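Working notes for the structure below.
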Amino acid sequence: CIRDRFFFFSSRRRHTRCSGVSWARRCVQETACRLSNPSFSPELSAKTTIIDFTVTQNGLEQQLLGVVLSKEQKVLEDTLNQLLADVNSNKKTLKQLDKSLLDKLTSSKGNLLEDTELVEVLNNTKSQAKDVEVKLADAEVKEKEIKEKREHYRPVATRGSVLYFCIIEVSLVSWMYNSSLKQFLDLFDYSINNSEKATVTQKRVENITKYLTYHVYRYVNRGLFEKDKTTFLLMVCFKILTTAQIISNNDVSLFLKGRKALTAEPDRQKPLKELDDNCWANVLALSRHSFVTESNICFFKDLPDSLSRFQNDWAKWIMRTDPENAPIPGDYQERITNEKDLGPFLKLCLLRCIKEDRTLIASKMFIKDNLGKEFTDPVTDSLESIWLESTPTKPVLFLLSAGADPTSSIDDLAKKKKKSPVEKVSMGEGQEKVADEVIKKLSPIGGWVILQNCHLGLKFMEDLESQLAENRLPDVHEDFRLWITTEPTTQFPLAMLQRAIKVTNEPPKGLKAGLHKTFTTIINQDFLEKIEHSAWRSQIFTVCFLHSVVIERRKFGPLGWCVPYEFNNSDLEASLQFIEKYMSNLLAGTSQVSGNAGINFEVIRYMICQVQYGGRITDEMDRGLFDTYGAMYFRENIFNPEAALVDFNVDTGIRDAKGPVKDRIRYIIPNSTEIQRYREYVDSLPDIDSPEVFGLHPNADITFRLKESNEMIDVIMETRPKEGGTGTSKGRDEIVYEQVSDLMKSSVPADFNEADVLEKIKKLPGPRGIDRGPTVPLNIFLRQEIQRMQKVIGLVRKTLVDIKLAIEGQVIMTPIILDAINALFDGKVPQRWVYDASGAEISWLIPGYLRWFSDLYKRHEQLNNWLNNSRPSSYWLGGFFNPQGFLTAVKQEVARLKVTAPKRPQDKDKGGSWSLDEVTYKTQVKDEKFDPTKDKEPDEGVYIHGLILEGAKLNRGALDELDGKETKAKLPILYVTATNDKNVDKEKYQCPVYKYQRRTDKYYIFSVSLNCDAQANAAHWKLRGVALLCHMD
């Protein structure tokens, strides 16, 4: 039995078990947890007292103020501490005197006036009390003076507190970004000790603040992946400005939400065709927001009117490639410049709302204006500098990404430091014992150890951190170093993350960087001379070029590849090995070694595109795209001196008398036998890749930048605390309550009655030649759609009611309700409305809840009109839960018509009846002026509207390049029917149709035949990534 003992368990180990132990009543157990927001079960919470010791921003600020003063003004801080001690002592003395006097009064007997001892005590107490009061008054004056001097150093403490909480917030982006308060305090102390000295206090404070900010940035930056570096700096800027009360949390929310901040659909027509609908909604949201200014008015209140008054100026500004560097039209440039502190943020919000694709670039300019140029300049930390910072008990942790491996760099550093060879252990099953033995062997003699792929040995990572923390490694030499590599995983031990120096390791980005890496690490002079054939070196360069192209195309998202495949060096090496064997066998069977005689390009294309790289490809559209690359790169005339792998013109932005001046860009195959010539050619390539290198339209850059910007905004929105209002502004619950009330009044459509629906469907007619009733294919489809719609309407109505009751306090605030509140506050769609408990989709994927509700109303309207007013003249394909089912029903009806209809002369070769398995879709794009409401109903098939063409437009019935800055175009009415002719429209571009921009098999609907003009064939549009979409994000 354990009695009268106090136990403290830290959470270094995951589990603390005391089974079979009896506890005495007076025994106390305390457990500490490293997690900032641990999730405890209700049973545990009911049986324990949970105390939150998490540091707050104000509390940390006070702590850091004491730290900086203890270093900068030690005498002042010591004086204050001594003064506070004296004040405390004097207050105790005063209290003791009062107690002593009270004791005498209570113990005295007889006449108090005759008690000489009591009178003496009373006089003594009175005299001492006066002295103490004088000391306390003097101390109060001195304390006020000292605190005023201490306040000079508060900006350092404030900045430190802001930076620490930004580090905490960025850890919500990825578990691997976690850091500890101890690590930050070390950075804080280092910054104070190493920043530039100054005799003037204000200058000294500025030096410390500037050094601290940059030092913390560099420390955190090297442990962040590239996509999160700007995000972290933007979070720092926002928190600095909100802490200084230059902007408010509502201002930041406006920047993040944009049009999602609107509580109703736009009620005004956009004045400019250059402004798309989403940006116009952003403008309206911006014009209704009040920023924290002296006048506290809507700074952009007149922006919609300005767009109307200065249409030409705004149109030119919008169409510029760099609007962030151009003066803002109207009087806004001058007005924003006059706002010294708020101006950069106002410009950032304006660019984010009108030019969404420039948000990331505008954010970097905003960071530069607020923090300095050095925060946006490219920086790299050498491995040697990281080694100098590491210690035997502070390992270096590399966060890996596809195609990156720091092993060779560590080996090079080890040779330089005379620590070679470095012992390497690849973690996996049974490797824990090997790793432990190697560490214990090399730690006493100062060796270096690399533990690779430690995400496969997480239990060993916990044990290793315990050994480092508790100094359980015997006789560790000061030169001992531990290098750890791991892929990001949420299961990685927190303690090790808070101990190690984190470094990200990413492969170079860009076509030039990829080719440079290939021709410095894989291709060398010996490899170029392996085969004595004139086409050998050209084949090598072509394969390497293809490898870099297919990797870099991933950055364009679904426009590049439907699925972002992880192509890597193993694919390249396997392809080069095949080319080597193929050319060797070719030479063994022929004496001719010049030109491309005897080369079977079909075999090469198949092996590289279908086998080596194609083995990773799972999507048929992507397989077709890769085959198109193969046909373009591996062909008969590619090795001619005048041939080029890629040949296109780029607009220089300069105009002469003949029109726009364009530069011709050609990517050729170097004609040389020396590796140095290849490397020089690679170094001469452009640093920035035009989308046309990958076969995409130049405007694909807009799609890429928009994708990056949206990802950054989503990350910041997800990691921000869900704070309430400040001052007179409304809190989160109040805002959401008003939103819910408005939605319940106007946006939730009426319910469908199952019995009424069935009765009406029985009366609905079918196509000509098919009886009416519930067995008609499209009528069956209609009933299924209405059933699914009713489930969504019921779920939405229940959620809104529950939210209101929870905010009012009438029901318990469950996690589901809380998630819905947070989603609506952020302008998003609650997860419960989109996915069920199993993760299956139950509605439609639309980013903002207002657009989602707009779709809900339109979908309900289409189904309701169909149910009550017979079939529509044209169907909104994107308004169905199951568009594939709709088209299948259409195909069934057409097939039934062929069964029931008499044989016609033109059908003699096809037979009088069709098998559904042999029927395919036949499509025709109608003229732009075609109106299905004025045309008679087609004998078979249906008209479809609402499709969006991404990557191209239609011009006179054929595919054509987009104009200006457009990335999409509306498709006219589409006629869809069925045919049993398998060879129909084979010469046309078979354009895939998807429900959303996520081009996966899950959202693929069918393909539409589109005409190609004489200048561009189907392969051209396949490389362009042209597709039809039902919805755009």
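In the structure tokens, the first chain shown is A, the next is B, and so on; residue numbers restart at 1 for each chain, and ligands run from 1 in the order shown.
Residues with any atom within 12 Å of A:Thr933, counting only C-alpha atoms and excluding same-chain neighbours fewer than 6 positions away, are Arg871, Pro872, Ser873, Ser874, Tyr875, Tyr943 and Ile973 of chain A.
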For this session: Quick one: everything within 7 Å of stretch 734-744 of chain A, counting only C-alpha atoms, minus sequence neighbours fewer than 2 positions away in the same chain. Send it as number ranges by chain.
Result: A: 263, 730-732, 746-748, 800, 804, 821, 824-825
For this session: For stretch 488-502 of chain A, list every protein, DNA or RNA residue within 7 Å, evaluated using only C-alpha atoms, and leave out those in the same chain fewer than 2 positions away; present the list as a ChimeraX atom specification.
Result: /A:12,175-176,178-180,223,394-399,455,458,461-462,465,486,504
Resulting file, chosen residues, N, CA and C atoms, as a short mmCIF file (atom, residue, chain, number, x, y, z; two decimals), in the first residue's frame:
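This went into again_8.cif:
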```
data_model
loop_
_atom_site.label_atom_id
_atom_site.label_comp_id
_atom_site.auth_asym_id
_atom_site.auth_seq_id
_atom_site.Cartn_x
_atom_site.Cartn_y
_atom_site.Cartn_z
N ARG A 12 6.13 11.98 -20.73
CA ARG A 12 7.17 11.58 -21.67
C ARG A 12 6.81 10.21 -22.26
N TRP A 175 1.72 18.72 -37.75
CA TRP A 175 2.20 18.23 -36.45
C TRP A 175 3.71 18.34 -36.34
N MET A 176 4.41 18.21 -37.46
CA MET A 176 5.88 18.22 -37.44
C MET A 176 6.45 19.60 -37.14
N ASN A 178 5.76 21.37 -34.51
CA ASN A 178 5.66 21.64 -33.07
C ASN A 178 7.00 22.07 -32.48
N SER A 179 6.96 23.06 -31.60
CA SER A 179 8.14 23.53 -30.87
C SER A 179 7.76 23.73 -29.41
N SER A 180 8.77 23.90 -28.57
CA SER A 180 8.52 24.07 -27.14
C SER A 180 8.80 25.50 -26.70
N GLY A 223 12.53 24.95 -40.79
CA GLY A 223 11.77 23.76 -40.47
C GLY A 223 10.39 23.74 -41.11
N LYS A 394 21.05 17.26 -28.83
CA LYS A 394 20.09 18.01 -29.64
C LYS A 394 20.27 17.56 -31.10
N PRO A 395 19.56 16.51 -31.53
CA PRO A 395 19.75 15.98 -32.88
C PRO A 395 19.17 16.90 -33.94
N VAL A 396 19.53 16.64 -35.19
CA VAL A 396 18.99 17.36 -36.34
C VAL A 396 17.95 16.46 -37.00
N LEU A 397 16.74 16.98 -37.15
CA LEU A 397 15.62 16.21 -37.69
C LEU A 397 15.25 16.74 -39.07
N PHE A 398 15.44 15.94 -40.11
CA PHE A 398 15.10 16.32 -41.48
C PHE A 398 13.69 15.84 -41.81
N LEU A 399 12.85 16.77 -42.24
CA LEU A 399 11.50 16.44 -42.68
C LEU A 399 11.55 16.22 -44.19
N HIS A 455 10.03 7.45 -39.42
CA HIS A 455 8.58 7.30 -39.30
C HIS A 455 8.20 5.83 -39.23
N LEU A 458 8.76 4.69 -34.67
CA LEU A 458 8.29 5.75 -33.76
C LEU A 458 8.51 5.38 -32.30
N MET A 461 11.91 6.19 -31.36
CA MET A 461 12.10 7.64 -31.21
C MET A 461 11.72 8.10 -29.81
N GLU A 462 10.66 7.52 -29.25
CA GLU A 462 10.27 7.86 -27.87
C GLU A 462 11.37 7.44 -26.89
N GLU A 465 14.50 9.69 -27.22
CA GLU A 465 14.34 11.02 -26.61
C GLU A 465 14.47 10.94 -25.10
N THR A 486 12.84 11.69 -41.52
CA THR A 486 11.50 11.13 -41.37
C THR A 486 10.53 11.80 -42.32
N THR A 504 13.66 21.19 -43.14
CA THR A 504 12.95 20.57 -44.27
C THR A 504 13.94 20.34 -45.40
#
```
Exercise. Looking only at the backbone, which of the residues in stretch 36-265 of chain A does DSSP tag as helix (DSSP H, G or I), as a ChimeraX atom specification?
Worked result: /A:42-47,57-72,74-107,112-114,116-170,175-177,181-194,201-221,226-243,249-261
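If only C-alpha atoms are the atoms counted, then among A:Met621, A:Ala157, A:Val611, A:Leu84 the closest residue to A:Glu140 is A:Leu84.
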Problem set entry | For stretch 690-698 of chain A: contacts at 6 Å, only C-alpha atoms, fewer than 2 positions along chain excluded, given as an MDAnalysis selection string | chainID A and resid 700 1023:1024
For this session: Compile the contact shell of A:Cys353 as a VMD selection string: residues with an atom at most 10 Å away, counting only C-alpha atoms, same-chain residues fewer than 2 positions apart removed.
Result: chain A and resid 254 to 259 278 to 286 347 to 351 355 to 359
For this session: Would you list the contacts of A:Arg288 as a PyMOL selection string, taking every protein, DNA or RNA residue within 10 Å and counting only C-alpha atoms, but skipping same-chain residues closer than 3 positions in sequence?
Result: chain A and resi 261-262+283-285+291+297-303
Go ahead and write the residues just picked, C-alpha atoms, as a PDB file, in the first residue's frame.
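Final file, result-v2.pdb:
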```
ATOM      1  CA  ALA A 261     -18.352  37.489 -45.398  1.00  0.00           C
ATOM      2  CA  LEU A 262     -21.525  38.466 -47.285  1.00  0.00           C
ATOM      3  CA  VAL A 283     -15.847  43.905 -53.945  1.00  0.00           C
ATOM      4  CA  LEU A 284     -19.306  44.167 -52.381  1.00  0.00           C
ATOM      5  CA  ALA A 285     -18.073  42.507 -49.176  1.00  0.00           C
ATOM      6  CA  PHE A 291     -11.739  49.032 -40.936  1.00  0.00           C
ATOM      7  CA  ILE A 297     -15.996  54.239 -41.656  1.00  0.00           C
ATOM      8  CA  CYS A 298     -16.159  51.923 -44.653  1.00  0.00           C
ATOM      9  CA  PHE A 299     -12.915  52.848 -46.413  1.00  0.00           C
ATOM     10  CA  PHE A 300     -13.986  51.175 -49.664  1.00  0.00           C
ATOM     11  CA  LYS A 301     -17.621  52.266 -49.453  1.00  0.00           C
ATOM     12  CA  ASP A 302     -17.480  53.935 -52.885  1.00  0.00           C
ATOM     13  CA  LEU A 303     -15.505  51.151 -54.590  1.00  0.00           C
TER      14      LEU A 303
END
```
For this session: From stretch 736-919 of chain A, collect each residue whose DSSP state is strand (DSSP E or B) and return the set as a PyMOL selection string.
Result: chain A and resi 828+835+841+848+875-876
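Proximity to stretch 781-792 of chain A at 8 Å, evaluated using only C-alpha atoms and with sequence-adjacent residues fewer than 4 positions away removed, yields Asp751, Phe752, Glu754, Val757, Leu758, Ile761, Pro777, Val796, Trp833, Ile842, Ser843, His860, Leu863, Leu867, Phe880, Phe881, Asn882, Gly885, Phe886 and Ala889 of chain A.
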Export of prior selection with N, CA, C and O atoms as a PDB file, in the first residue's frame:
```pdb
ATOM      1  N   ASP A 751     -40.368  21.349 -47.921  1.00  0.00           N
ATOM      2  CA  ASP A 751     -40.175  19.900 -47.970  1.00  0.00           C
ATOM      3  C   ASP A 751     -40.987  19.281 -49.107  1.00  0.00           C
ATOM      4  O   ASP A 751     -42.022  19.810 -49.531  1.00  0.00           O
ATOM      5  N   PHE A 752     -40.495  18.129 -49.587  1.00  0.00           N
ATOM      6  CA  PHE A 752     -41.257  17.309 -50.529  1.00  0.00           C
ATOM      7  C   PHE A 752     -42.059  16.277 -49.727  1.00  0.00           C
ATOM      8  O   PHE A 752     -41.529  15.661 -48.795  1.00  0.00           O
ATOM      9  N   GLU A 754     -43.628  12.696 -49.738  1.00  0.00           N
ATOM     10  CA  GLU A 754     -43.380  11.471 -50.490  1.00  0.00           C
ATOM     11  C   GLU A 754     -44.619  10.984 -51.227  1.00  0.00           C
ATOM     12  O   GLU A 754     -44.550  10.586 -52.398  1.00  0.00           O
ATOM     13  N   VAL A 757     -45.377  13.276 -54.168  1.00  0.00           N
ATOM     14  CA  VAL A 757     -44.380  13.080 -55.225  1.00  0.00           C
ATOM     15  C   VAL A 757     -44.726  11.858 -56.053  1.00  0.00           C
ATOM     16  O   VAL A 757     -44.697  11.885 -57.295  1.00  0.00           O
ATOM     17  N   LEU A 758     -45.084  10.765 -55.380  1.00  0.00           N
ATOM     18  CA  LEU A 758     -45.401   9.525 -56.095  1.00  0.00           C
ATOM     19  C   LEU A 758     -46.624   9.693 -56.992  1.00  0.00           C
ATOM     20  O   LEU A 758     -46.646   9.212 -58.139  1.00  0.00           O
ATOM     21  N   ILE A 761     -45.638  11.787 -60.064  1.00  0.00           N
ATOM     22  CA  ILE A 761     -44.761  11.066 -60.991  1.00  0.00           C
ATOM     23  C   ILE A 761     -45.571  10.082 -61.833  1.00  0.00           C
ATOM     24  O   ILE A 761     -45.257   9.848 -63.007  1.00  0.00           O
ATOM     25  N   PRO A 777     -37.628   5.727 -67.379  1.00  0.00           N
ATOM     26  CA  PRO A 777     -36.289   5.905 -66.775  1.00  0.00           C
ATOM     27  C   PRO A 777     -36.056   7.278 -66.144  1.00  0.00           C
ATOM     28  O   PRO A 777     -35.568   7.353 -65.014  1.00  0.00           O
ATOM     29  N   VAL A 796     -30.397  19.969 -43.080  1.00  0.00           N
ATOM     30  CA  VAL A 796     -30.066  21.392 -42.963  1.00  0.00           C
ATOM     31  C   VAL A 796     -30.986  22.070 -41.956  1.00  0.00           C
ATOM     32  O   VAL A 796     -30.531  22.822 -41.074  1.00  0.00           O
ATOM     33  N   TRP A 833     -23.286  18.614 -43.611  1.00  0.00           N
ATOM     34  CA  TRP A 833     -24.178  18.792 -44.752  1.00  0.00           C
ATOM     35  C   TRP A 833     -23.603  18.176 -46.024  1.00  0.00           C
ATOM     36  O   TRP A 833     -24.321  18.000 -47.004  1.00  0.00           O
ATOM     37  N   ILE A 842     -23.049  13.350 -49.460  1.00  0.00           N
ATOM     38  CA  ILE A 842     -24.511  13.334 -49.473  1.00  0.00           C
ATOM     39  C   ILE A 842     -25.084  14.577 -50.137  1.00  0.00           C
ATOM     40  O   ILE A 842     -26.286  14.659 -50.348  1.00  0.00           O
ATOM     41  N   SER A 843     -24.217  15.549 -50.458  1.00  0.00           N
ATOM     42  CA  SER A 843     -24.705  16.740 -51.167  1.00  0.00           C
ATOM     43  C   SER A 843     -23.671  17.157 -52.202  1.00  0.00           C
ATOM     44  O   SER A 843     -23.112  16.322 -52.889  1.00  0.00           O
ATOM     45  N   HIS A 860     -33.540  22.585 -55.922  1.00  0.00           N
ATOM     46  CA  HIS A 860     -34.926  22.332 -55.506  1.00  0.00           C
ATOM     47  C   HIS A 860     -35.894  22.879 -56.542  1.00  0.00           C
ATOM     48  O   HIS A 860     -36.904  22.227 -56.872  1.00  0.00           O
ATOM     49  N   LEU A 863     -36.038  20.529 -59.663  1.00  0.00           N
ATOM     50  CA  LEU A 863     -36.788  19.299 -59.400  1.00  0.00           C
ATOM     51  C   LEU A 863     -38.270  19.578 -59.217  1.00  0.00           C
ATOM     52  O   LEU A 863     -39.131  18.819 -59.700  1.00  0.00           O
ATOM     53  N   LEU A 867     -41.308  18.244 -61.526  1.00  0.00           N
ATOM     54  CA  LEU A 867     -42.363  17.432 -60.931  1.00  0.00           C
ATOM     55  C   LEU A 867     -43.751  17.999 -61.236  1.00  0.00           C
ATOM     56  O   LEU A 867     -44.702  17.236 -61.493  1.00  0.00           O
ATOM     57  N   PHE A 880     -27.873  17.998 -60.393  1.00  0.00           N
ATOM     58  CA  PHE A 880     -28.295  16.667 -59.987  1.00  0.00           C
ATOM     59  C   PHE A 880     -27.276  16.047 -59.038  1.00  0.00           C
ATOM     60  O   PHE A 880     -26.074  16.268 -59.164  1.00  0.00           O
ATOM     61  N   PHE A 881     -27.769  15.233 -58.100  1.00  0.00           N
ATOM     62  CA  PHE A 881     -26.876  14.479 -57.222  1.00  0.00           C
ATOM     63  C   PHE A 881     -26.090  13.450 -58.028  1.00  0.00           C
ATOM     64  O   PHE A 881     -24.923  13.209 -57.779  1.00  0.00           O
ATOM     65  N   ASN A 882     -26.775  12.846 -58.996  1.00  0.00           N
ATOM     66  CA  ASN A 882     -26.183  11.750 -59.755  1.00  0.00           C
ATOM     67  C   ASN A 882     -26.300  12.037 -61.248  1.00  0.00           C
ATOM     68  O   ASN A 882     -27.175  11.471 -61.928  1.00  0.00           O
ATOM     69  N   GLY A 885     -26.281   9.027 -63.493  1.00  0.00           N
ATOM     70  CA  GLY A 885     -27.554   8.331 -63.526  1.00  0.00           C
ATOM     71  C   GLY A 885     -28.546   8.997 -64.473  1.00  0.00           C
ATOM     72  O   GLY A 885     -29.330   8.318 -65.146  1.00  0.00           O
ATOM     73  N   PHE A 886     -28.500  10.329 -64.526  1.00  0.00           N
ATOM     74  CA  PHE A 886     -29.380  11.057 -65.451  1.00  0.00           C
ATOM     75  C   PHE A 886     -29.063  10.674 -66.893  1.00  0.00           C
ATOM     76  O   PHE A 886     -29.973  10.375 -67.690  1.00  0.00           O
ATOM     77  N   ALA A 889     -30.185   7.197 -67.744  1.00  0.00           N
ATOM     78  CA  ALA A 889     -31.633   7.154 -67.986  1.00  0.00           C
ATOM     79  C   ALA A 889     -31.961   7.657 -69.389  1.00  0.00           C
ATOM     80  O   ALA A 889     -32.844   7.116 -70.068  1.00  0.00           O
TER      81      ALA A 889
END
```
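Between atom CA of A:Asp733 and atom CA of A:Ile817 lies a distance of 11.8 Å.
The spacing separating atom CA of A:Asn980 from atom CA of A:Thr618 amounts to 28.1 Å.
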Exercise. Separation of atom CA of A:Ile450 and atom CA of A:Glu423, in Å?
Worked result: 6.2 Å
